[in-house]
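Structure file work.cif; described as mmCIF, C-alpha atoms.
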```
data_upload
#
loop_
_atom_site.label_atom_id
_atom_site.label_comp_id
_atom_site.auth_asym_id
_atom_site.auth_seq_id
_atom_site.Cartn_x
_atom_site.Cartn_y
_atom_site.Cartn_z
CA MET A 1 4.77 -14.62 -23.86
CA PRO A 2 3.50 -16.21 -20.61
CA GLN A 3 -0.02 -17.56 -20.77
CA VAL A 4 -2.31 -15.80 -18.32
CA ASN A 5 -6.00 -15.56 -17.59
CA HIS A 6 -6.11 -11.91 -18.61
CA GLN A 7 -9.40 -10.67 -17.17
CA ASP A 8 -8.38 -11.76 -13.68
CA SER A 9 -4.78 -10.63 -14.05
CA THR A 10 -2.69 -7.51 -13.69
CA LEU A 11 -0.36 -5.85 -16.15
CA VAL A 12 2.57 -4.18 -14.37
CA ILE A 13 4.51 -1.68 -16.47
CA GLY A 14 7.98 -0.70 -15.33
CA LEU A 15 10.23 -2.75 -13.06
CA GLY A 16 11.68 -0.09 -10.80
CA ARG A 17 11.46 -0.67 -7.05
CA PHE A 18 7.73 0.01 -6.95
CA GLY A 19 6.76 -2.00 -10.02
CA THR A 20 9.00 -4.89 -9.04
CA ALA A 21 7.47 -5.03 -5.55
CA VAL A 22 3.95 -5.06 -7.00
CA ALA A 23 4.69 -7.71 -9.62
CA ALA A 24 6.70 -9.98 -7.33
CA THR A 25 4.11 -9.78 -4.55
CA LEU A 26 1.20 -10.55 -6.88
CA ASP A 27 3.15 -13.49 -8.28
CA ARG A 28 3.96 -14.78 -4.79
CA LEU A 29 0.28 -14.52 -3.83
CA GLY A 30 -0.64 -16.69 -6.79
CA ARG A 31 -2.25 -13.88 -8.78
CA GLU A 32 -1.87 -13.83 -12.53
CA VAL A 33 0.53 -11.04 -13.46
CA LEU A 34 2.56 -9.97 -16.46
CA ALA A 35 5.35 -7.42 -16.11
CA VAL A 36 6.41 -5.19 -19.01
CA GLU A 37 9.86 -3.61 -19.07
CA HIS A 38 11.72 -1.93 -21.92
CA ASN A 39 15.24 -1.97 -20.40
CA PRO A 40 16.95 -5.19 -21.58
CA ASN A 41 19.28 -5.29 -18.57
CA THR A 42 16.32 -5.21 -16.17
CA VAL A 43 14.55 -7.83 -18.27
CA ARG A 44 17.57 -10.15 -17.97
CA GLN A 45 17.72 -9.56 -14.23
CA TRP A 46 14.10 -10.64 -13.69
CA SER A 47 13.72 -13.19 -16.47
CA GLY A 48 12.55 -16.53 -15.07
CA ARG A 49 11.63 -15.00 -11.72
CA ILE A 50 8.32 -13.39 -12.65
CA PRO A 51 6.18 -13.52 -15.84
CA LEU A 52 7.85 -10.86 -17.96
CA ILE A 53 8.00 -9.46 -21.47
CA GLU A 54 10.32 -6.86 -22.99
CA ALA A 55 8.36 -4.07 -24.67
CA ASP A 56 8.04 -0.28 -24.81
CA ALA A 57 4.68 0.58 -23.25
CA THR A 58 4.81 4.13 -24.61
CA ASP A 59 4.19 2.50 -27.99
CA MET A 60 0.47 1.82 -28.43
CA GLU A 61 1.14 -0.88 -31.01
CA ALA A 62 3.43 -2.73 -28.60
CA LEU A 63 0.70 -2.72 -25.93
CA GLU A 64 -1.83 -4.04 -28.41
CA GLN A 65 0.53 -6.81 -29.52
CA LEU A 66 1.11 -8.06 -25.98
CA GLY A 67 -2.65 -8.20 -25.39
CA ALA A 68 -2.99 -5.30 -22.95
CA THR A 69 -6.66 -4.83 -23.81
CA GLU A 70 -7.49 -8.18 -22.23
CA PHE A 71 -6.16 -7.25 -18.78
CA GLY A 72 -8.61 -6.07 -16.15
CA THR A 73 -6.04 -4.09 -14.18
CA ALA A 74 -2.83 -2.25 -15.04
CA VAL A 75 -0.20 -0.73 -12.77
CA VAL A 76 2.06 2.00 -14.13
CA GLY A 77 5.28 1.90 -12.13
CA VAL A 78 7.11 4.33 -14.42
CA ALA A 79 7.36 7.73 -12.74
CA SER A 80 10.89 9.13 -13.11
CA SER A 81 9.99 10.26 -16.63
CA LEU A 82 6.83 12.36 -16.50
CA GLU A 83 6.40 12.12 -20.26
CA ALA A 84 6.63 8.31 -20.27
CA SER A 85 4.31 8.01 -17.25
CA VAL A 86 1.64 10.19 -18.83
CA LEU A 87 1.95 8.57 -22.26
CA ILE A 88 1.71 5.02 -20.88
CA THR A 89 -1.28 5.91 -18.70
CA SER A 90 -2.96 7.65 -21.64
CA ASN A 91 -2.40 4.57 -23.81
CA LEU A 92 -3.99 2.32 -21.19
CA VAL A 93 -6.99 4.63 -20.88
CA GLU A 94 -7.42 4.65 -24.65
CA LEU A 95 -7.24 0.85 -24.70
CA GLY A 96 -10.10 0.70 -22.18
CA ILE A 97 -8.31 -0.96 -19.24
CA GLY A 98 -10.85 -1.21 -16.41
CA GLN A 99 -8.64 -0.26 -13.46
CA ILE A 100 -5.46 1.75 -13.83
CA TRP A 101 -3.13 2.34 -10.88
CA ALA A 102 -0.33 4.82 -11.52
CA LYS A 103 2.66 5.90 -9.46
CA ALA A 104 3.25 9.63 -9.05
CA ILE A 105 6.22 11.50 -7.61
CA SER A 106 4.48 14.82 -6.94
CA ALA A 107 1.03 16.30 -6.43
CA THR A 108 1.17 17.91 -9.87
CA HIS A 109 2.13 14.60 -11.46
CA GLY A 110 -0.76 12.93 -9.64
CA ARG A 111 -3.29 15.53 -10.80
CA ILE A 112 -2.22 15.02 -14.40
CA LEU A 113 -2.60 11.25 -14.09
CA HIS A 114 -6.08 11.65 -12.60
CA ARG A 115 -7.12 14.04 -15.34
CA ILE A 116 -6.10 11.73 -18.15
CA GLY A 117 -8.03 8.84 -16.63
CA ALA A 118 -6.01 6.95 -13.99
CA ASN A 119 -8.45 5.42 -11.48
CA HIS A 120 -5.95 5.36 -8.63
CA VAL A 121 -2.78 7.38 -8.07
CA VAL A 122 -0.25 6.29 -5.45
CA TYR A 123 2.65 8.22 -3.95
CA PRO A 124 5.04 5.58 -2.55
CA GLU A 125 7.82 7.96 -1.51
CA TYR A 126 5.45 10.44 0.16
CA ASP A 127 3.50 7.69 1.92
CA ALA A 128 6.70 6.04 3.17
CA GLY A 129 8.03 9.37 4.41
CA GLN A 130 4.82 10.24 6.20
CA ARG A 131 4.69 6.81 7.83
CA ALA A 132 8.31 7.10 8.94
CA ALA A 133 7.61 10.52 10.47
CA HIS A 134 4.89 9.05 12.66
CA LEU A 135 7.13 6.19 13.74
CA VAL A 136 10.27 8.18 14.56
CA SER A 137 8.41 10.95 16.39
CA GLY A 138 6.67 8.78 18.97
CA ARG A 139 6.02 5.31 20.37
CA MET A 140 4.18 3.84 17.40
CA LEU A 141 5.48 0.56 15.97
CA ASP A 142 3.51 0.85 12.73
CA TYR A 143 1.16 3.36 11.14
CA ILE A 144 -1.38 3.01 8.33
CA GLU A 145 -3.35 6.04 7.16
CA MET A 146 -6.71 4.95 5.79
CA GLU A 147 -7.83 8.46 4.80
CA LYS A 148 -5.86 11.69 4.66
CA ASN A 149 -5.76 13.32 8.11
CA GLY A 150 -8.56 10.99 9.16
CA PHE A 151 -9.05 7.40 10.27
CA SER A 152 -5.79 5.52 10.78
CA ILE A 153 -4.60 2.26 12.33
CA ILE A 154 -1.48 1.91 14.45
CA LYS A 155 0.51 -0.71 16.35
CA MET A 156 1.91 0.39 19.69
CA ARG A 157 3.04 -0.69 23.13
CA PRO A 158 0.33 -0.09 25.76
CA PRO A 159 0.66 2.98 27.99
CA HIS A 160 1.48 2.20 31.63
CA GLU A 161 -2.04 3.06 32.76
CA LEU A 162 -3.40 0.03 30.80
CA HIS A 163 -1.01 -2.55 32.26
CA GLY A 164 -2.89 -5.21 34.19
CA PHE A 165 -6.34 -3.91 33.33
CA THR A 166 -8.97 -5.14 30.90
CA ILE A 167 -9.96 -2.97 27.96
CA GLY A 168 -13.35 -2.46 29.55
CA GLN A 169 -11.77 -1.25 32.80
CA SER A 170 -9.39 1.13 31.03
CA LYS A 171 -12.24 2.92 29.20
CA VAL A 172 -9.92 3.88 26.33
CA ARG A 173 -12.71 4.73 23.93
CA SER A 174 -14.54 7.13 26.22
CA ARG A 175 -11.36 8.71 27.59
CA TYR A 176 -9.28 9.03 24.43
CA GLY A 177 -11.71 8.58 21.53
CA VAL A 178 -9.84 5.62 19.97
CA ASN A 179 -10.67 1.93 19.70
CA ILE A 180 -8.40 -0.98 20.60
CA ILE A 181 -9.08 -3.40 17.76
CA GLY A 182 -6.92 -6.24 18.99
CA LEU A 183 -3.64 -7.21 20.55
CA MET A 184 -0.74 -9.59 20.24
CA SER A 185 0.81 -11.09 23.36
CA PRO A 186 4.36 -12.49 23.23
CA GLY A 187 4.33 -15.90 21.57
CA GLU A 188 0.61 -15.71 20.85
CA HIS A 189 -1.42 -15.04 17.70
CA PHE A 190 -3.37 -11.85 17.10
CA GLU A 191 -6.71 -11.74 18.90
CA TYR A 192 -9.59 -9.32 18.53
CA ALA A 193 -10.18 -7.20 21.57
CA THR A 194 -13.23 -7.51 23.82
CA PRO A 195 -14.05 -5.60 27.02
CA GLN A 196 -12.68 -8.61 28.94
CA THR A 197 -9.30 -8.65 27.14
CA MET A 198 -6.47 -8.14 29.64
CA VAL A 199 -3.60 -5.87 28.59
CA GLY A 200 -0.05 -6.76 29.60
CA ALA A 201 3.07 -4.63 29.55
CA GLU A 202 4.66 -6.68 26.74
CA ASP A 203 1.56 -6.78 24.53
CA ILE A 204 1.29 -4.96 21.22
CA LEU A 205 -1.96 -3.12 20.66
CA VAL A 206 -3.67 -2.54 17.31
CA VAL A 207 -5.61 0.70 17.66
CA GLY A 208 -7.87 2.60 15.24
CA GLY A 209 -9.22 6.12 15.25
CA ASP A 210 -8.66 9.72 14.22
CA ALA A 211 -5.00 10.37 13.39
CA ASN A 212 -4.62 13.22 15.90
CA LEU A 213 -6.27 11.28 18.72
CA LEU A 214 -4.09 8.27 17.96
CA GLU A 215 -0.98 10.46 18.11
CA HIS A 216 -2.03 11.71 21.55
CA PHE A 217 -2.86 8.22 22.84
CA ALA A 218 0.31 6.61 21.48
CA ASN A 219 2.52 9.17 23.21
CA ARG A 220 1.12 8.61 26.68
CA PRO A 221 3.81 7.29 29.05
#
```

Transcribe the structure of this file into structure tokens.
Amino acid sequence: MPQVNHQDSTLVIGLGRFGTAVAATLDRLGREVLAVEHNPNTVRQWSGRIPLIEADATDMEALEQLGATEFGTAVVGVASSLEASVLITSNLVELGIGQIWAKAISATHGRILHRIGANHVVYPEYDAGQRAAHLVSGRMLDYIEMEKNGFSIIKMRPPHELHGFTIGQSKVRSRYGVNIIGLMSPGEHFEYATPQTMVGAEDILVVGGDANLLEHFANRP
């Protein structure tokens, strides 16, 4: 089994698309991670690419043998089987894992995971669908919801009325209730916005504010 500094590392259970993305990204960022997968074909596919061990995480004894109790964080990427998802999460709670992130495929699934002790429940398919809806329905280039139906951050092309004016001159905050956080000009790095920042037609704005106000602002011609 790979040697890791457990308390500062993450245990990722299940190498579906979600679990694989989490494990591979943590590994690429230099974070200590150990993936657990019970399907031998998937294990062979990822062997040598990320720290990985073949085990059945629904089995409490298997989790104890791989040293799960020493990990500070665990991510449960198993969601297609509700029984397996709940059992694995319950095992991790019983083992006293400090932070448990679990994937859910429905609101009911998520409520169950919360009730049995998951600290964080994520809905990758729902979140991706919601983000796509914002992007395809308007002029946004990217959308991140920070709180449900509340504060969000978007990337967008500037409306025509901003072209050639500074942020101070355009009075975006007082007129539309949103804040231009920064912008990216072609060929330039991201810069934080100030009242003196000039907005060009080819710039990309990073804007924060209430989701409904952002939707209105982003759809201005």

*Mind pulling up the distance from CA of Glu94 in chain A to CA of Glu61 in chain A?*
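Those two atoms sit 12.0 Å apart.
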
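Atom pair CA of Asn41 in chain A / CA of Asp56 in chain A: separated by 13.8 Å.
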
_Please list as number ranges by chain every residue within 9 Å of Ser90 in chain A, counting all atoms listed in the file and excluding residues in the same chain fewer than 6 positions away._
A: 113, 116-118

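If you measure from each of A:Leu135, A:His120, A:Tyr176, A:Ile181 to Ile153 in chain A using all atoms listed in the file, the closest one turns out to be A:Ile181.
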
*Which neighbours of range 64-67 of chain A fall inside 10 Å, counting all atoms listed in the file, when residues of the same chain fewer than 5 positions from it are skipped, and could you give them as a list in words?*
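Non-adjacent residues within range: Met1, His6, Leu11, Leu34, Val36, Ile53, Glu54, Ala55, Ala57, Asp59, Asn91, Leu92 and Leu95 of chain A.
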
*asked:* Under the PyMOL selection byres ((chain A and resi 104) around 8), which residues of this model are included? Write them out as a list in words.
replied: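 Residues picked by the PyMOL selection byres ((chain A and resi 104) around 8): Ala79, Ala102, Lys103, Ile105, Ser106, Ala107, His109, Gly110, Leu113, Val121, Val122, Tyr123 and Pro124 of chain A.
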
Export of the given selection (C-alpha atoms) as an mmCIF file, in the frame of the given file:
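Wrote out-v9.cif, looks like this:
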```cif
data_model
loop_
_atom_site.group_PDB
_atom_site.id
_atom_site.type_symbol
_atom_site.label_atom_id
_atom_site.label_comp_id
_atom_site.auth_asym_id
_atom_site.auth_seq_id
_atom_site.Cartn_x
_atom_site.Cartn_y
_atom_site.Cartn_z
ATOM 1 C CA ALA A 79 7.360 7.730 -12.740
ATOM 2 C CA ALA A 102 -0.330 4.820 -11.520
ATOM 3 C CA LYS A 103 2.660 5.900 -9.460
ATOM 4 C CA ILE A 105 6.220 11.500 -7.610
ATOM 5 C CA SER A 106 4.480 14.820 -6.940
ATOM 6 C CA ALA A 107 1.030 16.300 -6.430
ATOM 7 C CA HIS A 109 2.130 14.600 -11.460
ATOM 8 C CA GLY A 110 -0.760 12.930 -9.640
ATOM 9 C CA LEU A 113 -2.600 11.250 -14.090
ATOM 10 C CA VAL A 121 -2.780 7.380 -8.070
ATOM 11 C CA VAL A 122 -0.250 6.290 -5.450
ATOM 12 C CA TYR A 123 2.650 8.220 -3.950
ATOM 13 C CA PRO A 124 5.040 5.580 -2.550
#
```

*Please indicate the distance in Å from CA of Glu125 in chain A to CA of Ile13 in chain A, rounded to one decimal place.*
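That distance, rounded to one decimal, is 18.1 Å.
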
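Taking all atoms listed in the file into account, Val43 in chain A lies nearest to A:Thr20 out of the set A:Thr197, A:Thr25, A:Thr20, A:Ala68.
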